[in-house]
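A quick write-up on the structure given underneath.
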Amino acid sequence: MSNVKIYHQCGYRFSWNFEIFREKSIGDGFILSPINMNKNFLSEMSEDELSESFFDPQFYALGISKEAYLSYGFDYIDNLLDFAKDRNYIAERNINYQNSLNIKYLTIPTIDFDLLNSDDVFESVYLNLFGREYDGNNNNNLNILNELIIRPFTEYIKKIETDKKVLLTVIFDENIARNSDRFYELITMITSYDNIDGIYLIPKCSRTYKRIENIQFLLKIMELIKTIKNNNMEVIVGNSDIESILYVVAGADAISIGIYENLRYYDGNRFIDSDEIKRSPVPRMFSYKLLQWIDYNYLFPISEHYDIKDIFDDNEYFDITQKFDYKWHFMKPEPYKHYMISYCKILNKMPNNMNDRIEYVNRILQDAQSLNTNFIDNGIILDENSGGSHLGKWITVLLQFKE
């Protein structure tokens with residue numbers, strides 16, 4: 001049995017996460033989302049559920065005005081300069097609230113600077129924080145984050161009585177992956193605080209299709225995970241989809257599973273109010289044999305050539321989708337509950353030794369590649385968002401990481 005923890009990344013329709021947790025014992029706890037979960041809901045959770053969960057403060061975009069978020073009474077601050085002036089007070093209120101809950105960790109938030117309004121003047125913020133002019137150095141975001149959030153939060157945590165471990169939220173993006181100086185500066189910052197026990201890691205990488213295929217990004221985030229683990233710290237990877245199978249190979253203590261795609265892939269726009277009308281996504285079904293989410297339109301030709309339950313796994317939620325009168329829609333719970341059961345089976349069989357994990361995952365990827373080839377031989381041509389173009393790249397990542 002694997003020792004990997006699985007957290008439910010709560011968001012829209014989080015009730016489905018609680019249903020599958022309570023009814024089928026899927027997952028170990030919850031990443032609580034204040035933009036979706038009213039404060040009163042947390043008080044209704046059982047002590048056992050809370051004690052294995054943690055609270056994501058969600059400071060990614062300043063000025064969040066969603067109704068659920070406002071129920072926590074956090075101050076509405078929508079620009080960096082005001083945040084800088086009140087940073088100690090903000091840290092105190094946020095940590096006091098988290099510490100009042102019977103949760104597993106205290107979580108230090110982060111800010112996604114890409115989401116900030118253009119009127120956030122870095123020069124003024126930098127002057128306020130450091131007492132000197134902004135010098136244009138490309139590491140200034142990290143310096144600002146350190147002074148704006150990490151230092152005030154860690155200093156206040158030292159003042160209070162708590163037996164909770166402390167997680168630092170870290171967004172890992174492509175700029176860090178391709179810049180060695182920034183990469184090692186990030187590691188130095190993470191490991192420099194004696195009261196930070198681990199990181200809540202958020203992968204942020206652009207995609208052409210549904211899977212992350214950037215080999216450099218995947219290798220560097222796996223290197224980060226391995227390095228942090230070698231420093232005797234915990235790593236919990238949030239906003240992760242089936243890419244998390246690679247993060248587990250690198251040594252991640254826990255990964256997340258989510259309902260909708262914006263919970264399985266970091267999209268900062270989720271934290272910004274918008275009137276934009278979004279197009280409904282195509283309903284998909286997770287295949288453990290293909291290690292991919294497949295457009296439901298392919299299920300008929302697949303069923304004509306294969307035992308479809310062998311391709312997609314056999315559970316009650318998949319069976320419901322196969323009834324003749326089932327009406328597919330991305331808002332229906334069955335495909336997501338099927339995914340959570342099926343993917344967790346893969347993770348629960350993960351060996352505990354790193355070399356054994358590499359062999360286990362490599363075998364899954366190789367088998368998925370072979371099945372994709374067999375599909376083509378049978379005239380089933382999966383589109384770019386359902387196909388296996390990621391598989392060869394992930395095998396490359398595994399073999400390069402092994403070296």
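Going by the structure tokens order, chains are called A, B, ..., each with residues numbered from 1, while ligands are numbered from 1 in the order shown.
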
From the DSSP assignment of the backbone, select every residue of segment 102-261 of chain A that is alpha helix (DSSP H), and format the answer as a count of residues only. 64

With only C-alpha atoms as the counted atoms, please give the residues lying no more than 9 Å from Asn385 of chain A, apart from itself and same-chain residues fewer than 5 positions off, as a PyMOL selection string. chain A and resi 208-211+292-295

Can those selected residues be exported to a file as a PDB file, in the first residue's frame so that it contains C-alpha atoms?
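Okay, part-v2.pdb is ready:
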```pdb
ATOM      1  CA  THR A 208      -1.065  23.365 -25.833  1.00  0.00           C
ATOM      2  CA  TYR A 209      -3.529  20.592 -25.092  1.00  0.00           C
ATOM      3  CA  LYS A 210      -4.889  19.030 -21.883  1.00  0.00           C
ATOM      4  CA  ARG A 211      -1.636  17.633 -20.458  1.00  0.00           C
ATOM      5  CA  GLN A 292      -5.804  10.367 -20.211  1.00  0.00           C
ATOM      6  CA  TRP A 293      -9.217  12.022 -20.125  1.00  0.00           C
ATOM      7  CA  ILE A 294     -11.074  10.862 -23.254  1.00  0.00           C
ATOM      8  CA  ASP A 295     -13.786  12.751 -25.159  1.00  0.00           C
TER       9      ASP A 295
END
```

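Among the candidate residues A:Asp56, A:Asp325, A:Asp82, A:Asp356, the one lying nearest to Val170 of chain A is A:Asp56, with distances computed using only C-alpha atoms.
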
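Restricting the calculation to only C-alpha atoms, the smallest distance between Ser46 of chain A and any of A:Ala68, A:Ile176, A:Leu291, A:Leu101 is found for A:Leu101.
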
What parts of segment 106-331 of chain A does DSSP call strand (DSSP E)? I'd like the answer as JSON, numbers by chain. {"A": [106, 107, 108, 165, 166, 167, 168, 169, 170, 171, 172, 173, 198, 199, 200, 201, 202, 203, 204, 234, 235, 236, 237, 254, 255, 256, 257, 258, 284, 285, 286, 287, 292, 293, 294, 295]}

Proximity to Asp112 of chain A - best of A:Asp253, A:Glu147, A:Asp307, A:Asp267, only C-alpha atoms: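 Checking each candidate against Asp112 of chain A, we get A:Asp267 as the closest.
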
Contact check, segment 196-301 of chain A to segment 337-353 of chain A, at most 7 Å, counting only C-alpha atoms, closest pairs as a tab-separated table:
```
residue	atom	partner	partner_atom	distance
A:Ile257	CA	A:Met340	CA	6.8
A:Phe286	CA	A:Tyr339	CA	5.4
A:Tyr288	CA	A:Ser342	CA	6.6
```

Counting only C-alpha atoms, the residue of A:Tyr69, A:Tyr60, A:Tyr156, A:Phe330 that sits nearest Asp114 of chain A: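 The closest residue to Asp114 of chain A is A:Tyr60.
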
Neighbour list for Ile150 of chain A as JSON, numbers by chain, cut-off 10 Å, only C-alpha atoms, skip fewer than 5 positions in-chain: {"A": [87, 91, 108, 109, 110, 143, 144, 145, 155, 168, 169, 189, 190, 193, 196]}

Give me a file of those residues, with N, CA and C atoms, as a PDB file, in the first residue's frame.
```pdb
ATOM      1  N   ARG A  87       0.558  44.537   6.249  1.00  0.00           N
ATOM      2  CA  ARG A  87       0.946  43.131   6.135  1.00  0.00           C
ATOM      3  C   ARG A  87       1.014  42.403   7.481  1.00  0.00           C
ATOM      4  N   ALA A  91      -1.397  39.213   8.389  1.00  0.00           N
ATOM      5  CA  ALA A  91      -0.834  37.928   8.818  1.00  0.00           C
ATOM      6  C   ALA A  91      -1.448  37.480  10.139  1.00  0.00           C
ATOM      7  N   ILE A 108       0.811  29.385   4.870  1.00  0.00           N
ATOM      8  CA  ILE A 108       1.231  30.739   4.505  1.00  0.00           C
ATOM      9  C   ILE A 108       0.882  30.938   3.034  1.00  0.00           C
ATOM     10  N   PRO A 109       0.105  31.967   2.702  1.00  0.00           N
ATOM     11  CA  PRO A 109      -0.355  32.143   1.316  1.00  0.00           C
ATOM     12  C   PRO A 109       0.734  32.703   0.408  1.00  0.00           C
ATOM     13  N   THR A 110       0.384  32.895  -0.835  1.00  0.00           N
ATOM     14  CA  THR A 110       1.269  33.559  -1.777  1.00  0.00           C
ATOM     15  C   THR A 110       0.432  34.442  -2.688  1.00  0.00           C
ATOM     16  N   ASN A 143      11.745  38.697  -3.776  1.00  0.00           N
ATOM     17  CA  ASN A 143      12.110  39.547  -2.633  1.00  0.00           C
ATOM     18  C   ASN A 143      10.877  40.212  -2.026  1.00  0.00           C
ATOM     19  N   ILE A 144      10.009  40.714  -2.896  1.00  0.00           N
ATOM     20  CA  ILE A 144       8.785  41.366  -2.423  1.00  0.00           C
ATOM     21  C   ILE A 144       7.905  40.358  -1.686  1.00  0.00           C
ATOM     22  N   LEU A 145       7.756  39.175  -2.253  1.00  0.00           N
ATOM     23  CA  LEU A 145       6.942  38.135  -1.626  1.00  0.00           C
ATOM     24  C   LEU A 145       7.483  37.772  -0.245  1.00  0.00           C
ATOM     25  N   GLU A 155       6.952  35.218  11.369  1.00  0.00           N
ATOM     26  CA  GLU A 155       7.242  35.887  12.640  1.00  0.00           C
ATOM     27  C   GLU A 155       6.039  35.833  13.575  1.00  0.00           C
ATOM     28  N   LEU A 168       4.280  26.473   3.393  1.00  0.00           N
ATOM     29  CA  LEU A 168       4.469  27.682   2.597  1.00  0.00           C
ATOM     30  C   LEU A 168       3.929  27.427   1.196  1.00  0.00           C
ATOM     31  N   THR A 169       2.997  28.252   0.739  1.00  0.00           N
ATOM     32  CA  THR A 169       2.474  28.123  -0.622  1.00  0.00           C
ATOM     33  C   THR A 169       3.512  28.617  -1.617  1.00  0.00           C
ATOM     34  N   MET A 189      15.256  30.250  -0.241  1.00  0.00           N
ATOM     35  CA  MET A 189      14.234  30.944   0.526  1.00  0.00           C
ATOM     36  C   MET A 189      13.359  29.947   1.292  1.00  0.00           C
ATOM     37  N   ILE A 190      12.941  28.878   0.627  1.00  0.00           N
ATOM     38  CA  ILE A 190      12.068  27.887   1.265  1.00  0.00           C
ATOM     39  C   ILE A 190      12.740  27.269   2.485  1.00  0.00           C
ATOM     40  N   TYR A 193      13.791  29.221   6.535  1.00  0.00           N
ATOM     41  CA  TYR A 193      12.944  29.490   7.705  1.00  0.00           C
ATOM     42  C   TYR A 193      12.830  28.234   8.561  1.00  0.00           C
ATOM     43  N   ILE A 196       9.129  26.648   9.011  1.00  0.00           N
ATOM     44  CA  ILE A 196       8.359  26.155   7.865  1.00  0.00           C
ATOM     45  C   ILE A 196       8.657  24.670   7.709  1.00  0.00           C
TER      46      ILE A 196
END
```

Atom CA of Phe172 of chain A to atom CA of Gly387 of chain A: how many Å, to one decimal?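 It comes out at 26.2 Å.
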
Considering only C-alpha atoms, can you say which of A:Leu371, A:Ile20, A:Leu167, A:Ile212 comes closest to Lys289 of chain A?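 Distance minimum relative to Lys289 of chain A lands on A:Leu371.
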